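Coordinates from model_28.txt are shown below (compact mmCIF, C-alpha atoms).
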# COMPACT_ATOMS: atom_id res chain seq x y z
CA MET M 1 3.60 35.63 47.86
CA SER M 2 0.72 37.44 46.32
CA SER M 3 -2.22 35.80 44.71
CA SER M 4 -5.19 37.00 42.78
CA GLY M 5 -8.49 36.67 44.57
CA ALA M 6 -9.83 34.76 47.53
CA GLY M 7 -9.76 31.01 47.90
CA ILE M 8 -8.54 28.28 50.20
CA LEU M 9 -5.66 27.20 47.96
CA ARG M 10 -4.51 30.77 47.42
CA ASN M 11 -4.44 31.30 51.18
CA ARG M 12 -3.50 27.76 52.10
CA ARG M 13 -0.79 28.50 54.66
CA GLN M 14 -2.88 30.86 56.77
CA PHE M 15 -5.93 28.65 56.27
CA ALA M 16 -4.03 25.56 57.45
CA LEU M 17 -2.81 27.41 60.54
CA LEU M 18 -6.39 28.39 61.37
CA VAL M 19 -7.51 24.76 60.94
CA LEU M 20 -4.77 23.61 63.30
CA LEU M 21 -5.59 26.37 65.75
CA ASN M 22 -9.23 25.33 65.96
CA ALA M 23 -8.19 21.81 66.91
CA PHE M 24 -6.62 23.32 70.03
CA VAL M 25 -9.79 25.38 70.61
CA GLY M 26 -11.91 22.23 70.51
CA GLY M 27 -9.47 20.43 72.76
CA MET M 28 -10.28 22.87 75.57
CA VAL M 29 -13.89 21.61 75.58
CA GLY M 30 -12.83 18.00 75.05
CA LEU M 31 -11.00 18.05 78.37
CA GLU M 32 -14.37 18.34 80.13
CA ARG M 33 -16.65 16.11 78.04
CA THR M 34 -15.91 12.85 79.82
CA ILE M 35 -14.74 14.01 83.23
CA LEU M 36 -16.76 16.92 84.64
CA PRO M 37 -20.18 15.21 85.04
CA LEU M 38 -18.45 12.35 86.90
CA LEU M 39 -16.37 14.82 88.93
CA GLY M 40 -19.52 16.55 90.13
CA ARG M 41 -21.14 13.27 91.10
CA ASP M 42 -18.17 11.44 92.63
CA GLU M 43 -15.85 14.08 94.10
CA PHE M 44 -18.20 16.94 94.94
CA ALA M 45 -21.20 14.69 95.73
CA LEU M 46 -23.75 17.06 94.19
CA ALA M 47 -27.28 16.24 95.28
CA THR M 48 -29.12 16.77 91.97
CA THR M 49 -28.44 16.32 88.29
CA ALA M 50 -29.44 19.95 87.70
CA ALA M 51 -26.67 21.06 90.07
CA THR M 52 -24.18 18.84 88.25
CA PHE M 53 -25.17 20.33 84.89
CA SER M 54 -24.77 23.91 86.18
CA PHE M 55 -21.29 24.08 84.64
CA ILE M 56 -22.85 23.57 81.19
CA VAL M 57 -25.40 26.32 81.90
CA SER M 58 -22.66 28.82 82.80
CA PHE M 59 -20.67 27.76 79.73
CA GLY M 60 -23.62 28.02 77.37
CA PHE M 61 -24.95 31.42 78.41
CA THR M 62 -21.45 32.95 78.54
CA LYS M 63 -20.52 31.56 75.14
CA ALA M 64 -23.78 32.81 73.66
CA GLY M 65 -23.26 36.32 74.99
CA PHE M 66 -19.66 36.53 73.87
CA ASN M 67 -20.60 35.17 70.43
CA LEU M 68 -22.94 38.11 70.01
CA LEU M 69 -20.26 40.54 71.12
CA SER M 70 -17.50 38.94 69.07
CA GLY M 71 -19.40 39.16 65.80
CA TYR M 72 -20.09 42.85 66.35
CA LEU M 73 -16.50 43.67 67.37
CA ALA M 74 -14.91 41.60 64.61
CA ASP M 75 -16.45 43.88 61.99
CA ARG M 76 -15.02 46.91 63.80
CA ILE M 77 -11.73 46.19 65.56
CA GLY M 78 -10.49 43.12 63.73
CA ARG M 79 -10.29 39.37 64.08
CA LYS M 80 -6.75 38.73 65.34
CA ARG M 81 -7.12 40.92 68.42
CA LEU M 82 -10.25 39.09 69.56
CA LEU M 83 -8.63 35.72 68.81
CA THR M 84 -5.71 36.53 71.11
CA ILE M 85 -7.97 37.84 73.89
CA GLY M 86 -9.96 34.63 73.64
CA TRP M 87 -6.90 32.50 74.29
CA LEU M 88 -5.85 34.59 77.27
CA LEU M 89 -9.32 34.08 78.76
CA GLY M 90 -8.77 30.33 78.50
CA LEU M 91 -5.84 30.23 80.93
CA PRO M 92 -7.90 30.31 84.17
CA VAL M 93 -10.01 27.31 83.06
CA PRO M 94 -7.69 24.39 83.93
CA LEU M 95 -6.27 26.21 86.95
CA LEU M 96 -9.69 26.84 88.53
CA ILE M 97 -10.75 23.22 88.04
CA ILE M 98 -7.48 21.85 89.42
CA TRP M 99 -7.66 24.04 92.54
CA ALA M 100 -11.46 24.00 93.03
CA PRO M 101 -12.43 23.52 96.70
CA ASP M 102 -16.13 23.41 95.74
CA TRP M 103 -18.32 23.20 92.64
CA ARG M 104 -18.72 26.97 92.34
CA TRP M 105 -15.12 27.19 91.13
CA VAL M 106 -15.95 24.73 88.33
CA VAL M 107 -18.98 26.82 87.34
CA ILE M 108 -16.78 29.96 87.25
CA ALA M 109 -14.15 28.08 85.21
CA ASN M 110 -16.81 27.42 82.62
CA VAL M 111 -17.67 31.10 82.43
CA PHE M 112 -14.07 31.63 81.31
CA LEU M 113 -14.32 28.60 78.99
CA GLY M 114 -17.47 30.03 77.38
CA ALA M 115 -15.70 33.33 76.70
CA ASN M 116 -12.63 31.50 75.41
CA GLN M 117 -14.65 29.33 73.04
CA ALA M 118 -16.82 32.20 71.77
CA LEU M 119 -13.93 34.46 70.84
CA THR M 120 -11.50 31.85 69.52
CA TRP M 121 -13.95 29.61 67.67
CA SER M 122 -15.92 32.55 66.26
CA MET M 123 -12.78 34.18 64.93
CA THR M 124 -11.44 31.01 63.31
CA VAL M 125 -14.77 30.65 61.49
CA VAL M 126 -14.92 34.28 60.38
CA MET M 127 -11.25 34.35 59.34
CA LYS M 128 -11.66 31.21 57.25
CA PHE M 129 -14.67 32.74 55.50
CA ASP M 130 -12.61 35.88 54.86
CA LEU M 131 -9.89 33.81 53.17
CA ALA M 132 -12.06 31.25 51.37
CA GLY M 133 -14.37 33.53 49.41
CA ALA M 134 -18.00 33.00 48.53
CA ARG M 135 -17.75 29.74 46.60
CA GLU M 136 -16.02 27.68 49.27
CA ARG M 137 -17.89 28.60 52.43
CA GLY M 138 -19.25 25.13 53.05
CA LEU M 139 -15.81 23.60 52.61
CA ALA M 140 -14.26 26.25 54.86
CA ALA M 141 -16.87 25.65 57.56
CA GLY M 142 -16.48 21.89 57.22
CA LEU M 143 -12.71 22.05 57.67
CA ASN M 144 -13.04 24.42 60.62
CA GLU M 145 -15.62 22.31 62.41
CA PHE M 146 -13.79 19.07 61.57
CA ALA M 147 -10.70 20.39 63.30
CA GLY M 148 -12.61 21.77 66.28
CA TYR M 149 -14.67 18.67 66.97
CA GLY M 150 -11.75 16.42 66.14
CA GLY M 151 -10.02 18.23 69.01
CA VAL M 152 -13.08 17.71 71.21
CA ALA M 153 -13.09 13.97 70.47
CA LEU M 154 -9.33 13.47 70.85
CA LEU M 155 -9.02 15.33 74.14
CA GLY M 156 -12.23 13.75 75.44
CA LEU M 157 -10.67 10.34 74.81
CA VAL M 158 -7.21 11.24 76.10
CA SER M 159 -8.50 12.94 79.24
CA GLY M 160 -10.62 9.88 80.03
CA TYR M 161 -7.64 7.57 79.77
CA VAL M 162 -5.45 9.92 81.84
CA ALA M 163 -8.14 10.14 84.51
CA ASP M 164 -8.54 6.37 84.55
CA ALA M 165 -4.80 5.92 85.01
CA THR M 166 -4.46 8.65 87.65
CA ALA M 167 -7.48 10.54 89.00
CA LEU M 168 -10.28 12.80 87.76
CA ARG M 169 -7.99 15.75 88.58
CA PRO M 170 -5.45 17.38 88.41
CA TYR M 171 -3.57 15.47 85.68
CA PRO M 172 -6.13 15.58 82.81
CA PHE M 173 -6.43 19.36 83.16
CA LEU M 174 -2.69 19.97 82.97
CA LEU M 175 -3.18 19.32 79.26
CA GLY M 176 -5.29 22.48 79.15
CA ILE M 177 -2.38 24.66 80.17
CA GLY M 178 -0.41 23.35 77.19
CA LEU M 179 -3.34 23.96 74.83
CA VAL M 180 -3.61 27.59 75.95
CA ALA M 181 0.14 28.17 75.57
CA ILE M 182 0.25 26.78 72.04
CA GLY M 183 -2.98 28.51 70.98
CA THR M 184 -1.77 31.88 72.23
CA PHE M 185 1.59 31.50 70.47
CA ILE M 186 -0.02 30.64 67.12
CA SER M 187 -2.50 33.51 67.42
CA VAL M 188 0.06 36.17 68.32
CA VAL M 189 3.03 35.12 66.18
CA LEU M 190 1.72 33.18 63.17
CA ILE M 191 -1.81 34.39 62.38
CA ARG M 192 -2.39 37.62 60.45
CA GLU M 193 -5.42 39.91 60.40
CA THR M 194 -7.91 38.87 57.68
CA ARG M 195 -10.50 41.66 57.89
CA PRO M 196 -9.09 43.40 54.77
CA GLU M 197 -9.91 40.24 52.79
CA SER M 198 -13.49 40.01 54.05
CA GLY M 199 -14.92 42.34 51.42
CA SER M 200 -16.20 44.87 53.94
CA THR M 201 -13.58 47.42 52.90
CA ARG M 202 -13.63 46.69 49.17
CA GLY M 203 -17.07 47.94 48.33
CA ALA M 204 -17.69 44.86 46.24
CA GLY M 205 -21.42 44.70 45.77
CA THR M 206 -24.11 46.43 47.76
CA ALA M 207 -24.78 45.48 51.33
CA GLN M 208 -28.40 44.46 51.38
CA SER M 209 -30.77 43.25 54.03
CA PRO M 210 -32.09 39.71 53.69
CA SER M 211 -35.31 41.11 52.32
CA GLY M 212 -33.46 42.80 49.50
CA GLY M 213 -33.22 46.41 50.63
CA GLY M 214 -29.94 48.22 50.00
CA GLY M 215 -27.50 49.71 52.46
CA SER M 216 -25.49 48.47 55.38
CA MET M 217 -27.34 46.98 58.32
CA SER M 218 -26.92 48.10 61.91
CA PHE M 219 -26.33 45.64 64.72
CA ALA M 220 -29.94 46.04 65.85
CA ALA M 221 -31.23 45.34 62.34
CA VAL M 222 -29.11 42.20 61.98
CA PHE M 223 -30.20 40.97 65.41
CA ALA M 224 -33.86 41.56 64.53
CA ALA M 225 -33.51 39.82 61.18
CA ALA M 226 -31.95 36.69 62.69
CA THR M 227 -34.35 36.60 65.65
CA TRP M 228 -37.82 37.32 64.26
CA ARG M 229 -37.97 39.35 61.03
CA ASP M 230 -36.39 37.19 58.32
CA ARG M 231 -37.92 33.73 57.97
CA THR M 232 -34.78 32.08 56.64
CA LEU M 233 -32.46 33.51 59.28
CA VAL M 234 -34.99 32.68 62.00
CA ALA M 235 -35.04 29.08 60.74
CA PHE M 236 -31.26 28.98 61.09
CA SER M 237 -31.28 30.46 64.59
CA GLN M 238 -33.82 28.02 66.00
CA GLY M 239 -32.22 25.07 64.20
CA GLY M 240 -28.82 25.91 65.65
CA LEU M 241 -30.36 26.32 69.11
CA ALA M 242 -32.03 22.90 68.85
CA THR M 243 -28.76 21.30 67.75
CA ASN M 244 -26.79 22.61 70.69
CA LEU M 245 -29.67 22.03 73.09
CA LYS M 246 -29.16 18.38 72.18
CA ASP M 247 -25.40 18.72 72.63
CA GLY M 248 -25.74 20.40 76.02
CA ALA M 249 -28.06 17.62 77.15
CA ALA M 250 -25.76 14.91 75.75
CA TRP M 251 -22.68 16.48 77.37
CA GLY M 252 -24.19 15.92 80.79
CA LEU M 253 -26.32 12.86 80.04
CA PHE M 254 -23.90 10.50 78.33
CA PRO M 255 -21.27 10.05 81.07
CA LEU M 256 -23.89 9.66 83.81
CA TYR M 257 -26.15 7.37 81.75
CA LEU M 258 -23.30 5.12 80.66
CA ALA M 259 -21.80 5.00 84.15
CA SER M 260 -25.18 3.96 85.56
CA ALA M 261 -25.23 1.15 82.98
CA GLY M 262 -21.97 -0.16 84.40
CA LEU M 263 -19.43 1.05 81.85
CA GLU M 264 -15.91 1.78 83.06
CA LEU M 265 -14.37 5.22 82.56
CA THR M 266 -12.28 4.22 79.55
CA SER M 267 -15.33 2.74 77.79
CA ILE M 268 -17.38 5.83 78.61
CA ALA M 269 -14.61 7.95 77.08
CA VAL M 270 -14.77 5.91 73.85
CA VAL M 271 -18.55 6.38 73.47
CA VAL M 272 -18.38 10.05 74.44
CA ALA M 273 -15.58 10.60 71.88
CA ALA M 274 -17.36 8.70 69.09
CA TYR M 275 -20.07 11.36 68.86
CA PRO M 276 -17.83 14.42 68.22
CA ALA M 277 -15.46 12.25 66.14
CA ALA M 278 -18.26 11.38 63.69
CA TRP M 279 -19.40 14.99 63.88
CA GLY M 280 -15.93 16.28 63.07
CA VAL M 281 -14.97 13.84 60.30
CA GLY M 282 -18.41 13.99 58.72
CA GLN M 283 -18.08 17.72 58.14
CA LEU M 284 -15.25 17.11 55.69
CA VAL M 285 -17.94 15.60 53.47
CA THR M 286 -21.07 17.55 54.38
CA GLY M 287 -19.45 21.00 54.23
CA PRO M 288 -18.31 20.85 50.58
CA LEU M 289 -21.40 18.88 49.53
CA SER M 290 -23.61 21.67 50.84
CA ASP M 291 -21.74 24.02 48.47
CA ARG M 292 -22.80 21.87 45.52
CA PHE M 293 -26.29 20.76 46.47
CA ASN M 294 -29.34 22.07 48.27
CA ARG M 295 -28.43 23.32 51.76
CA LYS M 296 -32.00 22.83 52.97
CA ILE M 297 -31.79 19.06 52.48
CA PHE M 298 -28.76 18.88 54.76
CA LEU M 299 -30.37 21.05 57.43
CA VAL M 300 -33.76 19.34 57.63
CA GLY M 301 -32.32 15.85 57.25
CA GLY M 302 -29.54 16.52 59.72
CA LEU M 303 -31.89 17.66 62.47
CA TRP M 304 -33.98 14.52 62.03
CA VAL M 305 -30.94 12.23 61.94
CA GLN M 306 -29.72 13.78 65.22
CA GLY M 307 -33.06 13.05 66.84
CA ILE M 308 -33.05 9.44 65.65
CA GLY M 309 -29.49 8.91 66.88
CA LEU M 310 -30.26 10.36 70.31
CA ALA M 311 -33.45 8.30 70.70
CA ALA M 312 -31.51 5.16 69.69
CA MET M 313 -29.41 5.46 72.86
CA LEU M 314 -32.34 4.03 74.86
CA PRO M 315 -32.97 0.70 73.11
CA ALA M 316 -29.24 0.24 72.39
CA ALA M 317 -27.86 -2.57 74.53
CA GLY M 318 -24.14 -2.78 75.15
CA MET M 319 -21.09 -1.02 73.86
CA GLY M 320 -21.76 -1.66 70.16
CA GLY M 321 -25.26 -0.24 70.25
CA TRP M 322 -24.24 2.86 72.16
CA LEU M 323 -21.32 3.48 69.80
CA ALA M 324 -23.63 3.15 66.78
CA ALA M 325 -26.21 5.55 68.28
CA ALA M 326 -23.53 8.11 69.22
CA THR M 327 -21.99 7.87 65.74
CA PHE M 328 -25.36 8.33 64.04
CA MET M 329 -26.06 11.37 66.18
CA GLY M 330 -22.64 12.76 65.20
CA ILE M 331 -23.42 12.26 61.51
CA GLY M 332 -26.64 14.23 61.87
CA THR M 333 -24.80 17.02 63.63
CA ALA M 334 -22.18 17.04 60.87
CA MET M 335 -24.94 17.55 58.32
CA VAL M 336 -26.14 20.77 59.93
CA TYR M 337 -23.16 22.39 61.64
CA PRO M 338 -21.10 23.68 58.69
CA THR M 339 -24.24 24.07 56.59
CA PHE M 340 -25.88 26.50 59.01
CA LEU M 341 -22.68 28.58 59.13
CA ALA M 342 -22.35 28.63 55.37
CA ALA M 343 -26.05 29.41 54.87
CA VAL M 344 -25.93 32.39 57.23
CA SER M 345 -22.92 33.67 55.27
CA ASP M 346 -24.83 33.16 52.02
CA VAL M 347 -27.56 35.51 53.24
CA ALA M 348 -25.29 38.08 54.91
CA GLN M 349 -23.31 40.66 52.95
CA PRO M 350 -19.59 41.22 53.73
CA GLU M 351 -20.22 44.43 55.67
CA TRP M 352 -22.32 42.66 58.32
CA ARG M 353 -21.43 38.99 57.86
CA ALA M 354 -19.42 38.65 61.08
CA THR M 355 -22.26 40.32 63.00
CA ALA M 356 -24.80 37.93 61.47
CA LEU M 357 -22.64 34.94 62.34
CA GLY M 358 -22.32 36.28 65.88
CA VAL M 359 -26.09 36.57 66.29
CA TYR M 360 -26.64 33.09 64.86
CA ARG M 361 -23.95 31.63 67.13
CA MET M 362 -25.48 33.40 70.13
CA TRP M 363 -28.79 31.62 69.58
CA ARG M 364 -27.09 28.35 68.67
CA ASP M 365 -24.85 28.23 71.73
CA SER M 366 -27.54 29.32 74.15
CA GLY M 367 -28.80 25.83 73.38
CA TYR M 368 -26.04 24.41 75.59
CA ALA M 369 -27.55 26.13 78.60
CA PHE M 370 -31.17 25.36 77.73
CA GLY M 371 -30.29 21.73 77.02
CA ALA M 372 -28.52 21.32 80.35
CA LEU M 373 -31.38 22.99 82.22
CA LEU M 374 -34.00 20.88 80.45
CA ALA M 375 -32.11 17.61 80.84
CA GLY M 376 -31.29 18.27 84.50
CA PHE M 377 -34.92 19.07 85.30
CA LEU M 378 -36.28 16.02 83.42
CA ILE M 379 -33.80 13.62 85.00
CA ASP M 380 -34.44 14.90 88.53
CA PHE M 381 -38.23 14.80 88.21
CA PHE M 382 -38.77 12.01 85.67
CA SER M 383 -35.95 9.88 84.22
CA VAL M 384 -32.98 9.81 81.88
CA GLY M 385 -35.21 8.17 79.29
CA GLY M 386 -37.72 11.00 79.54
CA ALA M 387 -34.97 13.56 78.95
CA ILE M 388 -33.69 11.72 75.89
CA VAL M 389 -37.16 11.35 74.34
CA ALA M 390 -38.03 15.02 74.95
CA VAL M 391 -34.84 16.34 73.34
CA ALA M 392 -35.23 13.96 70.37
CA ALA M 393 -38.77 15.24 69.83
CA LEU M 394 -37.56 18.86 69.89
CA LEU M 395 -35.04 18.03 67.15
CA ALA M 396 -37.78 16.54 64.98
CA LEU M 397 -39.91 19.65 65.49
CA SER M 398 -36.98 21.93 64.65
CA GLY M 399 -36.51 20.11 61.34
CA ILE M 400 -40.15 20.79 60.47
CA VAL M 401 -39.66 24.51 61.25
CA VAL M 402 -36.66 24.70 58.89
CA LEU M 403 -38.62 22.85 56.21
CA LEU M 404 -41.47 25.37 56.42
CA LEU M 405 -39.57 28.64 56.90
CA MET M 406 -36.27 28.39 55.02
CA SER M 407 -35.76 29.62 51.48
CA GLU M 408 -32.75 28.13 49.72
CA THR M 409 -29.86 30.58 50.00
CA PRO M 410 -27.88 32.21 47.16
CA ARG M 411 -24.29 31.07 46.64
CA GLY M 412 -21.32 33.20 45.63
CA HIS M 413 -21.82 32.65 41.91
CA ASP M 414 -25.49 33.66 42.24
CA ARG M 415 -24.75 37.06 43.77
CA PRO M 416 -22.99 39.94 42.04
CA GLY M 417 -19.80 41.21 43.68
CA GLU M 418 -19.04 37.97 45.51
CA ASN M 419 -17.61 35.83 42.74
CA SER M 420 -14.21 34.73 43.99
CA ASP M 421 -12.73 35.70 40.61
CA GLN M 422 -13.89 39.30 41.13
CA THR M 423 -12.30 39.85 44.49
CA THR M 424 -9.24 41.99 44.87
CA ALA M 425 -5.84 40.50 45.42
CA VAL M 426 -4.95 39.17 48.82
CA GLN M 427 -1.49 38.93 50.21
CA GLU M 428 -0.40 35.46 51.39
CA ALA M 429 1.88 36.55 54.19
CA GLY M 430 3.17 34.82 57.26
CA PRO M 431 4.77 31.44 57.64

Serialized structure, structure tokens:
Amino acid sequence: MSSSGAGILRNRRQFALLVLLNAFVGGMVGLERTILPLLGRDEFALATTAATFSFIVSFGFTKAGFNLLSGYLADRIGRKRLLTIGWLLGLPVPLLIIWAPDWRWVVIANVFLGANQALTWSMTVVMKFDLAGARERGLAAGLNEFAGYGGVALLGLVSGYVADATALRPYPFLLGIGLVAIGTFISVVLIRETRPESGSTRGAGTAQSPSGGGGSMSFAAVFAAATWRDRTLVAFSQGGLATNLKDGAAWGLFPLYLASAGLELTSIAVVVAAYPAAWGVGQLVTGPLSDRFNRKIFLVGGLWVQGIGLAAMLPAAGMGGWLAAATFMGIGTAMVYPTFLAAVSDVAQPEWRATALGVYRMWRDSGYAFGALLAGFLIDFFSVGGAIVAVAALLALSGIVVLLLMSETPRGHDRPGENSDQTTAVQEAGP
């Protein structure tokens, strides 16, 4: 059926498929959240925490690099093609972990996982923004991230229970083969290309740099703007990096810290899942609220709430305290995750929006690697407590940087040519 203009309701069938698809994308990461740190310690007997966290480093740097590439290519060769390639790159992940004779295979598996996550998750975000239009970016990002981190939480919980009932491998990772098969089928058969709806081929409005100059921006110009030239985009890049630096540290820290406190694997899985569950569900609220209110409040407050939640893991005693701290940290992450994505899209024009999102996501997801490196170093030379305090302090500092550098971003109704009522008709095709 045809419909007039962009919008989630007008494109609800394709939008719903993309939401579902991102749950499978998140599930690929969820398979590892509970199990891999314990696998490195117990089965491969790695000598240092830094060595154990090396799989997060390979994941983070690969995902960051492919994010940068995916944003650039999405504006040129289309979204659906990259989405499909991303799923195909996910197939080696469970197989390499199942068959791994040593830890290097696990590190290589996470190179493939980083590429898979960059291409699939980036494209589901960009395609949702294409369909939603300017006025519903926060809601679109919230729904996307809810589905993705809901998948992380669910598969983190399920894989923990499967491992507890069987072994750390191979059975939990057989689920990954099913995720890849379903994700590839949806991408190839059910999803359509959304680039024509992005606005980049409509000529609606003038593509301007963040500083207000006219004309389309090259890749180099967008990269420079998001890295050092534009204060607002720089605030987003460093805030995203700090958020995922915390997540990379928590990914490795939580299972080892909770195991050392005497928790069984099923209880560890519950605490580990509580964090992305609160993160995912919270974005259903924070995403649309950031469309209506000041995005800066969500970003500064969210960074500080994350830091408080992480620091609360130390004085928390027992299952209840750890669950509360993990949930609070998830709420803080939910405040910033869709809001950063929507804010970058507010600043970027349609012609270079996917590129801008790719640059932002490169800096954000490099945080996984830096967080794992920092946490591994601090644990090996100081303590788990020292690692937690240091990362919490960095989150507090990042919130101050956003407070000082960020200018509130324009929304769709504030910018000519991006009112959803002014967009050209889109075709609601597919199932």

Dump as an mmCIF file with C-alpha atoms, in the frame of the given file all residues having an atom at most 12 Å from (-30.7, 39.9, 65.8), computed in the file's coordinates with only C-alpha atoms.
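point-v3.cif was written with the following content:
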data_model
loop_
_atom_site.group_PDB
_atom_site.id
_atom_site.type_symbol
_atom_site.label_atom_id
_atom_site.label_comp_id
_atom_site.auth_asym_id
_atom_site.auth_seq_id
_atom_site.Cartn_x
_atom_site.Cartn_y
_atom_site.Cartn_z
ATOM 1 C CA LEU M 68 -22.940 38.110 70.010
ATOM 2 C CA LEU M 69 -20.260 40.540 71.120
ATOM 3 C CA GLY M 71 -19.400 39.160 65.800
ATOM 4 C CA TYR M 72 -20.090 42.850 66.350
ATOM 5 C CA MET M 217 -27.340 46.980 58.320
ATOM 6 C CA SER M 218 -26.920 48.100 61.910
ATOM 7 C CA PHE M 219 -26.330 45.640 64.720
ATOM 8 C CA ALA M 220 -29.940 46.040 65.850
ATOM 9 C CA ALA M 221 -31.230 45.340 62.340
ATOM 10 C CA VAL M 222 -29.110 42.200 61.980
ATOM 11 C CA PHE M 223 -30.200 40.970 65.410
ATOM 12 C CA ALA M 224 -33.860 41.560 64.530
ATOM 13 C CA ALA M 225 -33.510 39.820 61.180
ATOM 14 C CA ALA M 226 -31.950 36.690 62.690
ATOM 15 C CA THR M 227 -34.350 36.600 65.650
ATOM 16 C CA TRP M 228 -37.820 37.320 64.260
ATOM 17 C CA ARG M 229 -37.970 39.350 61.030
ATOM 18 C CA ASP M 230 -36.390 37.190 58.320
ATOM 19 C CA LEU M 233 -32.460 33.510 59.280
ATOM 20 C CA VAL M 234 -34.990 32.680 62.000
ATOM 21 C CA PHE M 236 -31.260 28.980 61.090
ATOM 22 C CA SER M 237 -31.280 30.460 64.590
ATOM 23 C CA TRP M 352 -22.320 42.660 58.320
ATOM 24 C CA THR M 355 -22.260 40.320 63.000
ATOM 25 C CA ALA M 356 -24.800 37.930 61.470
ATOM 26 C CA LEU M 357 -22.640 34.940 62.340
ATOM 27 C CA GLY M 358 -22.320 36.280 65.880
ATOM 28 C CA VAL M 359 -26.090 36.570 66.290
ATOM 29 C CA TYR M 360 -26.640 33.090 64.860
ATOM 30 C CA ARG M 361 -23.950 31.630 67.130
ATOM 31 C CA MET M 362 -25.480 33.400 70.130
ATOM 32 C CA TRP M 363 -28.790 31.620 69.580
#

Could you tell me, as a PDB file with C-alpha atoms, in the coordinates of the input, which residues have any atom at most 10 Å from (-13.9, 42.8, 63.3), counting all atoms listed in the file?
ATOM      1  CA  SER M  70     -17.500  38.940  69.070  1.00  0.00           C
ATOM      2  CA  GLY M  71     -19.400  39.160  65.800  1.00  0.00           C
ATOM      3  CA  TYR M  72     -20.090  42.850  66.350  1.00  0.00           C
ATOM      4  CA  LEU M  73     -16.500  43.670  67.370  1.00  0.00           C
ATOM      5  CA  ALA M  74     -14.910  41.600  64.610  1.00  0.00           C
ATOM      6  CA  ASP M  75     -16.450  43.880  61.990  1.00  0.00           C
ATOM      7  CA  ARG M  76     -15.020  46.910  63.800  1.00  0.00           C
ATOM      8  CA  ILE M  77     -11.730  46.190  65.560  1.00  0.00           C
ATOM      9  CA  GLY M  78     -10.490  43.120  63.730  1.00  0.00           C
ATOM     10  CA  ARG M  79     -10.290  39.370  64.080  1.00  0.00           C
ATOM     11  CA  LYS M  80      -6.750  38.730  65.340  1.00  0.00           C
ATOM     12  CA  ARG M  81      -7.120  40.920  68.420  1.00  0.00           C
ATOM     13  CA  LEU M  82     -10.250  39.090  69.560  1.00  0.00           C
ATOM     14  CA  MET M 123     -12.780  34.180  64.930  1.00  0.00           C
ATOM     15  CA  VAL M 126     -14.920  34.280  60.380  1.00  0.00           C
ATOM     16  CA  MET M 127     -11.250  34.350  59.340  1.00  0.00           C
ATOM     17  CA  GLU M 193      -5.420  39.910  60.400  1.00  0.00           C
ATOM     18  CA  THR M 194      -7.910  38.870  57.680  1.00  0.00           C
ATOM     19  CA  ARG M 195     -10.500  41.660  57.890  1.00  0.00           C
ATOM     20  CA  PRO M 196      -9.090  43.400  54.770  1.00  0.00           C
ATOM     21  CA  SER M 198     -13.490  40.010  54.050  1.00  0.00           C
ATOM     22  CA  SER M 200     -16.200  44.870  53.940  1.00  0.00           C
ATOM     23  CA  TRP M 352     -22.320  42.660  58.320  1.00  0.00           C
ATOM     24  CA  ALA M 354     -19.420  38.650  61.080  1.00  0.00           C
ATOM     25  CA  THR M 355     -22.260  40.320  63.000  1.00  0.00           C
TER      26      THR M 355
END

Report summary line: CA of Gln306 (chain M) to CA of Gly248 (chain M) measures 13.3 Å

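For the pair CA of Pro37 (chain M) and CA of Gly151 (chain M), the separation is 19.2 Å.
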
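Distances from M:Leu143, M:Leu303, M:Leu289, M:Ala242 to Phe15 (chain M) were compared using only C-alpha atoms, and the smallest one belongs to M:Leu143.
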
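Interatomic distance, CA of Trp304 (chain M) to CA of Asn244 (chain M): 13.9 Å.
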